[in-house]
$ cat query34.txt   # compact mmCIF, C-alpha atoms
# COMPACT_ATOMS: atom_id res chain seq x y z
CA MET A 1 63.10 130.14 211.74
CA SER A 2 66.65 131.41 211.54
CA VAL A 3 69.38 128.84 212.17
CA PHE A 4 72.19 130.22 214.30
CA PHE A 5 75.70 129.41 215.47
CA PRO A 6 76.69 129.66 219.13
CA THR A 7 77.88 133.14 220.03
CA ASP A 8 81.00 134.18 221.90
CA PRO A 9 80.74 135.82 225.32
CA GLU A 10 80.81 139.60 225.20
CA VAL A 11 84.25 141.16 225.43
CA ASP A 12 84.90 144.39 227.28
CA ASP A 13 87.43 147.02 226.31
CA GLY A 14 90.99 146.49 227.49
CA ASP A 15 94.60 146.17 226.43
CA PRO A 16 95.28 142.99 224.47
CA SER A 17 97.89 140.72 225.99
CA PRO A 18 99.85 138.09 224.07
CA ALA A 19 98.00 134.83 223.58
CA PRO A 20 99.37 131.38 222.88
CA GLU A 21 100.13 130.86 219.22
CA ARG A 22 97.37 129.12 217.32
CA ARG A 23 96.90 128.07 213.75
CA ARG A 24 96.06 131.00 211.51
CA PRO A 25 92.40 130.63 210.65
CA ARG A 26 91.19 130.54 207.06
CA TRP A 27 88.15 132.81 207.03
CA TRP A 28 86.60 131.60 203.83
CA LEU A 29 83.56 132.47 201.83
CA ARG A 30 80.47 131.28 203.70
CA VAL A 31 76.88 130.73 202.83
CA VAL A 32 76.01 134.39 202.57
CA ALA A 33 78.21 134.53 199.46
CA VAL A 34 75.40 132.94 197.48
CA VAL A 35 74.24 136.52 197.00
CA ALA A 36 77.39 137.11 194.99
CA VAL A 37 76.83 133.83 193.17
CA VAL A 38 73.43 135.03 192.01
CA VAL A 39 75.00 138.16 190.54
CA VAL A 40 77.58 136.04 188.75
CA VAL A 41 75.01 133.52 187.53
CA VAL A 42 72.70 136.21 186.23
CA GLY A 43 75.60 137.97 184.55
CA ALA A 44 76.65 134.72 182.90
CA THR A 45 73.41 134.56 180.94
CA ALA A 46 72.72 136.74 177.96
CA GLY A 47 70.17 139.22 176.65
CA GLY A 48 66.53 138.65 177.49
CA TYR A 49 67.42 135.48 179.39
CA ALA A 50 69.43 137.55 181.87
CA VAL A 51 66.53 139.96 182.32
CA TRP A 52 64.17 137.05 182.89
CA VAL A 53 66.48 135.41 185.43
CA SER A 54 67.15 138.67 187.25
CA ARG A 55 63.41 139.31 187.45
CA SER A 56 62.92 135.93 189.13
CA PHE A 57 65.46 137.13 191.72
CA THR A 58 64.13 140.64 192.33
CA THR A 59 60.51 139.50 192.54
CA HIS A 60 61.23 137.54 195.71
CA LEU A 61 63.64 139.94 197.42
CA GLN A 62 62.79 141.39 200.81
CA ARG A 63 63.83 144.96 201.58
CA GLU A 64 64.43 146.77 204.88
CA ALA A 65 66.20 149.86 206.19
CA LEU A 66 69.64 148.30 206.69
CA LEU A 67 72.05 151.16 205.95
CA PRO A 68 73.19 153.68 208.59
CA ALA A 69 71.24 156.92 208.76
CA SER A 70 72.59 159.72 206.58
CA ALA A 71 71.98 163.45 206.86
CA PRO A 72 70.30 165.00 203.79
CA GLU A 73 72.69 166.15 201.09
CA GLY A 74 74.16 169.58 201.86
CA THR A 75 73.04 169.55 205.49
CA SER A 76 74.59 168.51 208.79
CA ASP A 77 72.91 167.01 211.81
CA PRO A 78 74.88 166.54 215.07
CA ALA A 79 72.76 163.48 215.82
CA VAL A 80 73.71 161.84 212.50
CA PRO A 81 77.46 161.27 212.10
CA PRO A 82 78.71 161.88 208.55
CA ARG A 83 79.34 158.74 206.54
CA PRO A 84 82.70 158.37 204.77
CA ARG A 85 83.19 159.56 201.23
CA LYS A 86 83.64 157.38 198.18
CA VAL A 87 85.99 158.31 195.35
CA SER A 88 84.94 155.86 192.64
CA THR A 89 81.28 156.34 191.78
CA GLN A 90 81.11 153.39 189.36
CA ALA A 91 82.52 150.68 191.63
CA VAL A 92 80.01 149.15 194.05
CA ASP A 93 80.60 147.81 197.57
CA TYR A 94 78.12 145.38 199.14
CA VAL A 95 78.11 144.28 202.78
CA LEU A 96 77.20 140.59 202.95
CA MET A 97 76.02 139.29 206.32
CA GLY A 98 74.78 136.09 207.86
CA SER A 99 73.05 136.43 211.20
CA ASP A 100 73.18 133.94 214.05
CA SER A 101 70.16 135.53 215.72
CA ARG A 102 67.54 133.15 217.10
CA ASP A 103 64.84 135.72 216.37
CA PRO A 104 65.24 137.68 213.12
CA ASP A 105 63.06 140.46 214.56
CA ASP A 106 65.33 140.96 217.58
CA ALA A 107 68.70 142.48 216.65
CA GLY A 108 69.98 142.00 220.18
CA ALA A 109 69.40 138.24 220.15
CA GLY A 110 72.58 137.33 218.32
CA ARG A 111 75.67 138.44 216.46
CA SER A 112 76.67 138.49 212.82
CA ASP A 113 78.13 135.08 212.10
CA THR A 114 79.49 136.11 208.69
CA LEU A 115 80.63 139.59 207.70
CA MET A 116 82.11 140.35 204.31
CA VAL A 117 82.48 143.14 201.78
CA MET A 118 82.05 142.39 198.09
CA HIS A 119 83.74 144.98 195.88
CA LEU A 120 82.57 145.02 192.27
CA ALA A 121 85.08 146.90 190.12
CA ALA A 122 83.90 149.76 187.92
CA ASP A 123 84.82 147.87 184.73
CA ARG A 124 82.78 144.88 185.97
CA ARG A 125 85.61 142.50 185.02
CA SER A 126 86.58 141.59 188.58
CA ALA A 127 85.07 141.22 192.04
CA TYR A 128 86.65 140.87 195.47
CA LEU A 129 85.17 139.22 198.56
CA VAL A 130 86.84 140.40 201.77
CA SER A 131 86.07 138.40 204.93
CA PHE A 132 86.21 140.09 208.33
CA PRO A 133 86.95 137.54 211.08
CA ARG A 134 84.26 137.66 213.77
CA ASP A 135 86.91 138.02 216.50
CA MET A 136 88.54 141.17 215.07
CA TYR A 137 88.85 143.61 217.98
CA VAL A 138 87.63 146.97 216.72
CA ALA A 139 86.00 150.22 217.77
CA ILE A 140 82.20 149.97 217.57
CA PRO A 141 80.57 153.42 217.33
CA GLY A 142 79.03 154.33 220.68
CA HIS A 143 80.11 151.10 222.37
CA GLY A 144 83.88 151.20 222.77
CA LYS A 145 86.04 148.32 221.58
CA ASN A 146 84.76 144.79 221.13
CA LYS A 147 84.72 141.92 218.72
CA ILE A 148 83.38 143.06 215.37
CA ASN A 149 80.49 140.60 215.43
CA ALA A 150 79.17 142.31 218.59
CA ALA A 151 78.15 145.35 216.50
CA TYR A 152 75.12 143.43 215.26
CA SER A 153 73.90 142.64 218.78
CA PHE A 154 74.38 146.27 219.85
CA GLY A 155 72.63 147.91 216.91
CA GLY A 156 71.60 145.44 214.25
CA VAL A 157 72.71 145.58 210.63
CA PRO A 158 73.03 149.41 210.43
CA LEU A 159 75.59 149.50 213.25
CA ALA A 160 77.52 146.60 211.73
CA VAL A 161 77.71 148.54 208.47
CA GLU A 162 78.69 151.76 210.26
CA THR A 163 81.45 149.85 212.08
CA LEU A 164 82.82 148.63 208.75
CA GLU A 165 82.61 152.09 207.21
CA GLN A 166 84.56 153.69 210.04
CA LEU A 167 87.07 150.84 210.08
CA LEU A 168 87.75 151.22 206.34
CA ASP A 169 86.98 154.94 206.00
CA THR A 170 84.88 154.28 202.92
CA ARG A 171 81.15 154.16 202.26
CA MET A 172 79.25 150.93 201.70
CA ASP A 173 76.64 151.09 198.96
CA HIS A 174 74.34 148.17 199.71
CA VAL A 175 73.66 145.35 202.18
CA ALA A 176 72.44 141.78 201.77
CA VAL A 177 71.57 139.48 204.69
CA ILE A 178 70.84 135.75 204.43
CA ASP A 179 70.00 133.10 207.02
CA PHE A 180 70.62 129.38 207.03
CA ASP A 181 67.12 128.54 205.86
CA GLY A 182 68.44 129.84 202.54
CA PHE A 183 71.33 127.44 202.77
CA ILE A 184 69.00 124.49 203.27
CA SER A 185 66.79 125.46 200.33
CA LEU A 186 69.80 125.88 198.05
CA THR A 187 71.16 122.38 198.61
CA GLN A 188 67.68 120.95 198.15
CA GLN A 189 67.04 123.03 195.05
CA LEU A 190 70.22 121.65 193.48
CA GLY A 191 69.42 118.05 194.42
CA GLY A 192 72.30 117.82 196.89
CA VAL A 193 75.94 118.80 196.62
CA THR A 194 79.04 116.61 196.81
CA VAL A 195 82.07 117.44 198.97
CA HIS A 196 85.20 115.59 200.07
CA ASN A 197 84.91 115.04 203.82
CA GLU A 198 88.28 114.97 205.58
CA HIS A 199 87.13 114.02 209.08
CA ALA A 200 84.47 111.42 209.83
CA SER A 201 81.81 112.60 212.28
CA ARG A 202 78.25 112.11 213.49
CA SER A 203 75.78 114.91 214.16
CA ARG A 204 72.03 115.29 214.70
CA GLY A 205 71.39 111.67 213.73
CA TYR A 206 73.49 111.81 210.54
CA THR A 207 76.77 109.99 209.89
CA PHE A 208 79.45 111.60 207.71
CA PRO A 209 82.20 109.13 206.71
CA GLU A 210 85.54 110.16 205.27
CA GLY A 211 85.66 110.60 201.52
CA ASP A 212 83.20 112.00 198.99
CA ILE A 213 79.72 112.51 200.41
CA THR A 214 76.55 114.17 199.06
CA VAL A 215 74.52 116.31 201.46
CA GLN A 216 71.35 118.37 201.27
CA GLY A 217 68.74 120.01 203.45
CA ASP A 218 68.88 119.35 207.20
CA GLN A 219 71.67 116.86 206.61
CA ALA A 220 73.80 119.59 204.99
CA LEU A 221 73.02 121.95 207.86
CA ALA A 222 74.13 119.34 210.40
CA TYR A 223 77.33 118.82 208.41
CA VAL A 224 78.38 122.49 208.39
CA ARG A 225 77.39 123.19 212.00
CA GLU A 226 79.34 120.35 213.62
CA ARG A 227 82.54 121.34 215.41
CA TYR A 228 82.82 119.30 218.61
CA GLU A 229 83.74 116.06 216.85
CA LEU A 230 86.29 117.75 214.61
CA PRO A 231 89.98 117.91 215.59
CA ASN A 232 90.30 121.65 214.98
CA GLY A 233 86.84 122.75 216.10
CA ASP A 234 85.68 126.01 214.55
CA LEU A 235 88.47 126.03 211.98
CA ASP A 236 87.36 122.66 210.61
CA ARG A 237 83.74 123.82 210.71
CA ALA A 238 84.69 126.87 208.62
CA GLU A 239 86.46 124.52 206.21
CA ARG A 240 83.29 122.46 205.86
CA GLN A 241 81.28 125.57 205.17
CA ARG A 242 83.77 126.59 202.51
CA LEU A 243 83.60 123.18 200.86
CA VAL A 244 79.80 123.15 200.77
CA VAL A 245 79.60 126.69 199.40
CA GLN A 246 82.17 125.81 196.75
CA ALA A 247 80.05 122.77 195.87
CA ILE A 248 76.98 125.02 195.58
CA LEU A 249 78.93 127.38 193.33
CA ARG A 250 80.21 124.54 191.18
CA LYS A 251 76.78 123.03 190.66
CA ALA A 252 74.94 126.35 190.23
CA LEU A 253 77.40 127.44 187.54
CA SER A 254 77.43 124.07 185.80
CA ARG A 255 76.28 123.89 182.22
CA ASP A 256 73.32 121.72 183.22
CA VAL A 257 71.93 124.46 185.46
CA LEU A 258 72.88 127.51 183.35
CA THR A 259 71.26 126.09 180.23
CA ASP A 260 68.07 124.98 181.96
CA PRO A 261 65.79 128.01 182.42
CA ALA A 262 63.53 126.29 184.95
CA GLU A 263 66.45 124.98 187.01
CA LEU A 264 68.31 128.31 187.00
CA THR A 265 65.32 130.49 187.82
CA GLY A 266 64.30 128.06 190.56
CA PHE A 267 67.75 128.32 192.11
CA VAL A 268 67.88 132.12 191.83
CA SER A 269 64.38 132.63 193.24
CA GLY A 270 65.19 130.17 196.05
CA VAL A 271 68.12 132.37 197.06
CA ALA A 272 66.07 135.55 196.86
CA LYS A 273 63.36 134.22 199.17
CA ASN A 274 65.92 134.02 201.95
CA VAL A 275 67.70 137.30 201.29
CA THR A 276 66.96 140.74 202.72
CA VAL A 277 68.57 143.77 201.07
CA ASP A 278 68.59 147.49 201.81
CA LYS A 279 65.75 149.61 200.49
CA ASP A 280 68.07 151.52 198.15
CA LEU A 281 68.89 148.40 196.11
CA SER A 282 66.18 148.67 193.49
CA ASP A 283 65.13 146.05 190.95
CA SER A 284 66.52 148.18 188.13
CA ALA A 285 69.87 148.47 189.94
CA VAL A 286 70.08 144.68 190.28
CA ARG A 287 69.30 144.15 186.59
CA ARG A 288 71.64 146.93 185.50
CA THR A 289 74.49 145.49 187.51
CA ALA A 290 73.85 141.93 186.30
CA LEU A 291 73.79 142.98 182.65
CA SER A 292 76.98 145.02 183.04
CA LEU A 293 79.07 142.10 184.37
CA ARG A 294 82.03 140.92 182.34
CA LEU A 295 83.35 138.34 184.78
CA SER A 296 83.10 134.64 185.59
CA ALA A 297 83.38 132.74 188.85
CA ASP A 298 87.15 132.56 188.32
CA ASP A 299 87.36 136.36 188.40
CA VAL A 300 86.14 136.57 192.02
CA GLU A 301 89.07 137.02 194.43
CA LEU A 302 88.68 135.81 198.03
CA LEU A 303 90.56 137.84 200.66
CA GLN A 304 90.79 138.20 204.42
CA ALA A 305 90.89 141.53 206.21
CA PRO A 306 94.43 141.96 207.59
CA ILE A 307 95.27 141.04 211.17
CA THR A 308 98.67 140.96 212.89
CA GLY A 309 98.03 138.00 215.17
CA PHE A 310 96.08 136.98 218.24
CA ALA A 311 95.68 138.12 221.85
CA THR A 312 93.35 137.86 224.83
CA VAL A 313 91.10 140.48 226.40
CA SER A 314 89.16 139.68 229.58
CA GLY A 315 90.00 136.03 229.05
CA GLN A 316 88.58 135.98 225.51
CA SER A 317 90.58 135.29 222.37
CA ILE A 318 90.67 138.12 219.83
CA ASP A 319 92.20 138.85 216.43
CA VAL A 320 94.47 141.90 216.53
CA VAL A 321 93.76 144.39 213.75
CA ASP A 322 96.51 145.35 211.32
CA HIS A 323 95.69 149.07 211.22
CA ALA A 324 98.20 149.93 208.48
CA GLY A 325 96.92 147.04 206.38
CA LEU A 326 93.29 148.06 206.91
CA GLU A 327 94.10 151.62 205.88
CA GLU A 328 95.61 150.29 202.67
CA LEU A 329 92.60 148.04 202.09
CA GLY A 330 90.18 150.91 202.69
CA THR A 331 92.05 153.11 200.22
CA ALA A 332 91.96 150.34 197.60
CA LEU A 333 88.21 149.92 198.05
CA ARG A 334 87.58 153.66 198.02
CA ASP A 335 89.71 154.27 194.90
CA ASP A 336 88.73 151.06 193.08
CA ARG A 337 92.32 149.80 193.08
CA MET A 338 91.77 146.35 194.54
CA ASP A 339 93.85 144.81 191.76
CA ASP A 340 96.88 146.66 193.11
CA TYR A 341 96.06 145.58 196.65
CA VAL A 342 95.91 141.92 195.64
CA ARG A 343 99.24 142.17 193.82
CA ASN A 344 100.83 143.69 196.91
CA HIS A 345 99.14 141.27 199.32
CA PRO A 346 98.77 137.87 197.64
CA GLN A 347 96.60 135.49 199.63
CA LYS A 348 96.87 131.73 199.86
$ encode --input "query34.txt" --output "structure tokens"
Amino acid sequence: MSVFFPTDPEVDDGDPSPAPERRRPRWWLRVVAVVAVVVVVVGATAGGYAVWVSRSFTTHLQREALLPASAPEGTSDPAVPPRPRKVSTQAVDYVLMGSDSRDPDDAGAGRSDTLMVMHLAADRRSAYLVSFPRDMYVAIPGHGKNKINAAYSFGGVPLAVETLEQLLDTRMDHVAVIDFDGFISLTQQLGGVTVHNEHASRSRGYTFPEGDITVQGDQALAYVRERYELPNGDLDRAERQRLVVQAILRKALSRDVLTDPAELTGFVSGVAKNVTVDKDLSDSAVRRTALSLRLSADDVELLQAPITGFATVSGQSIDVVDHAGLEELGTALRDDRMDDYVRNHPQK
């Protein structure tokens, strides 16, 4: 069973009109980022241990055709639009997605709740996670303009990836999709995670007081899904998700877990059981990437795709795309110059 978030009503094409000012949302790393955590965790181990841990991950991976169709090399097919080029052949770009679909076999049942790009630099000393707000108003190939999360409902993961590629004018190499069952298993695998809860609330039979609390399993899921009892609704819910994911990161990368083979492999395999990747991401590619890493959790930069503000279309709130900023971001991804982009666009 896939756990999902409520979806927004579909938005039709139209000219954005100014909307009342609202607090700038912080689109943080969400649960799907555990895929990146696994890469970091595996890379943090050494020698044969890393190979062993990575094997426990790849053994449980599920694979599907998730990338957009591509015409054979050296040929052209009018029915298959050309995918953008990529300048740096050593850097790797992963699309990380979390689906809010009620039925994982029905792409039209929901929308992508989380959409990010993870850029792994060619020297493997830095990584960048770029979040794309679900309300970004963009062109979706074959469907006009809409919120970016609608691409998933129109054409599943491949169309969501194609939308990103056209938006950034750069090719994505791989895709990883995770659902919230994975989230539940992670918190249970780690024996619960502790967060500082800013706003007291009650949800699904659980009570969450202010202060430090430890959550796991269904309790953790209830904690990150609640929004109606929170003063800032979805923004506070996103904050809770960020805090829980940070707690997962902190515990997964703790010395107790990293130095315990059984604990680490259990965590890694637990992630893999709830992850689906594209068919081109082979076991050898996962191991090769993990062994090439020269970074720690502190070397992962968290960014938001640039927007200029907010507006309304057909009565629905949207995020207005910063086209100049996106062009600069796409160039940085394509040329593996994300370090320059971060220096020019520092994020809070």
$ atom_distance --input "query34.txt" --atom1 "atom CA of A:Val244" --atom2 "atom CA of A:Asp173"
28.2 Å
$ closest_residue --input "query34.txt" --among "A:Phe132, A:Val271, A:Pro81, A:Lys147" --to "A:Thr312" --atoms "only C-alpha atoms"
A:Lys147
$ atom_distance --input "query34.txt" --atom1 "atom CA of A:His196" --atom2 "atom CA of A:Asp135"
27.9 Å
$ closest_residue --input "query34.txt" --among "A:Ile213, A:Leu167, A:Leu61, A:Ala127" --to "A:Thr331" --atoms "only C-alpha atoms"
A:Leu167
$ closest_residue --input "query34.txt" --among "A:Leu243, A:Ala311, A:Val300, A:Met116" --to "A:Met97" --atoms "only C-alpha atoms"
A:Met116
$ atom_distance --input "query34.txt" --atom1 "atom CA of A:Lys279" --atom2 "atom CA of A:Ala332"
26.4 Å
$ closest_atom_pairs --input "query34.txt" --of "stretch 159-209 of chain A" --to "stretch 281-292 of chain A" --cutoff "10 Å" --atoms "all atoms listed in the file" --output "CSV"
residue,atom,partner,partner_atom,distance
A:Asp173,CA,A:Leu281,CA,8.7
A:His174,CA,A:Leu281,CA,6.5
A:Val175,CA,A:Leu281,CA,8.3
A:Ala176,CA,A:Leu281,CA,9.4
$ write_last_selection --input "query34.txt" --atoms "C-alpha atoms" --output "compact mmCIF listing (two decimals), in the coordinates of the input"
# COMPACT_ATOMS: atom_id res chain seq x y z
CA ASP A 173 76.64 151.09 198.96
CA HIS A 174 74.34 148.17 199.71
CA VAL A 175 73.66 145.35 202.18
CA ALA A 176 72.44 141.78 201.77
$ closest_residue --input "query34.txt" --among "A:Val215, A:Leu164, A:Leu333, A:Val224" --to "A:Gln90" --atoms "all atoms listed in the file"
A:Leu333
$ decode --input "query34.txt" --residues "stretch 187-224 of chain A" --atoms "C-alpha atoms" --output "compact mmCIF listing (two decimals), in the first residue's frame"
# COMPACT_ATOMS: atom_id res chain seq x y z
CA THR A 187 12.05 4.64 11.44
CA GLN A 188 11.27 1.16 12.73
CA GLN A 189 14.58 -0.23 11.50
CA LEU A 190 16.41 2.47 13.44
CA GLY A 191 14.37 1.94 16.60
CA GLY A 192 12.69 5.34 16.36
CA VAL A 193 14.06 8.80 15.72
CA THR A 194 14.02 11.86 17.97
CA VAL A 195 12.94 15.32 16.80
CA HIS A 196 12.15 18.63 18.48
CA ASN A 197 8.43 19.26 18.00
CA GLU A 198 7.57 22.97 17.82
CA HIS A 199 3.77 22.70 17.73
CA ALA A 200 1.73 20.32 19.87
CA SER A 201 -0.86 18.33 17.92
CA ARG A 202 -2.96 15.18 17.85
CA SER A 203 -3.40 12.94 14.81
CA ARG A 204 -4.68 9.43 14.07
CA GLY A 205 -4.91 8.58 17.77
CA TYR A 206 -1.41 9.84 18.62
CA THR A 207 -0.53 12.87 20.74
CA PHE A 208 2.58 14.93 19.94
CA PRO A 209 3.49 17.36 22.75
CA GLU A 210 5.90 20.25 22.36
CA GLY A 211 9.55 19.45 22.93
CA ASP A 212 11.71 16.44 22.09
CA ILE A 213 9.71 13.41 21.01
CA THR A 214 10.67 10.00 19.57
CA VAL A 215 8.53 8.61 16.75
CA GLN A 216 8.52 5.49 14.62
CA GLY A 217 6.31 3.48 12.29
CA ASP A 218 2.68 4.53 11.94
CA GLN A 219 3.21 7.10 14.68
CA ALA A 220 5.96 8.76 12.61
CA LEU A 221 3.74 8.70 9.54
CA ALA A 222 0.92 10.41 11.45
CA TYR A 223 3.39 13.03 12.67
CA VAL A 224 4.65 14.03 9.21
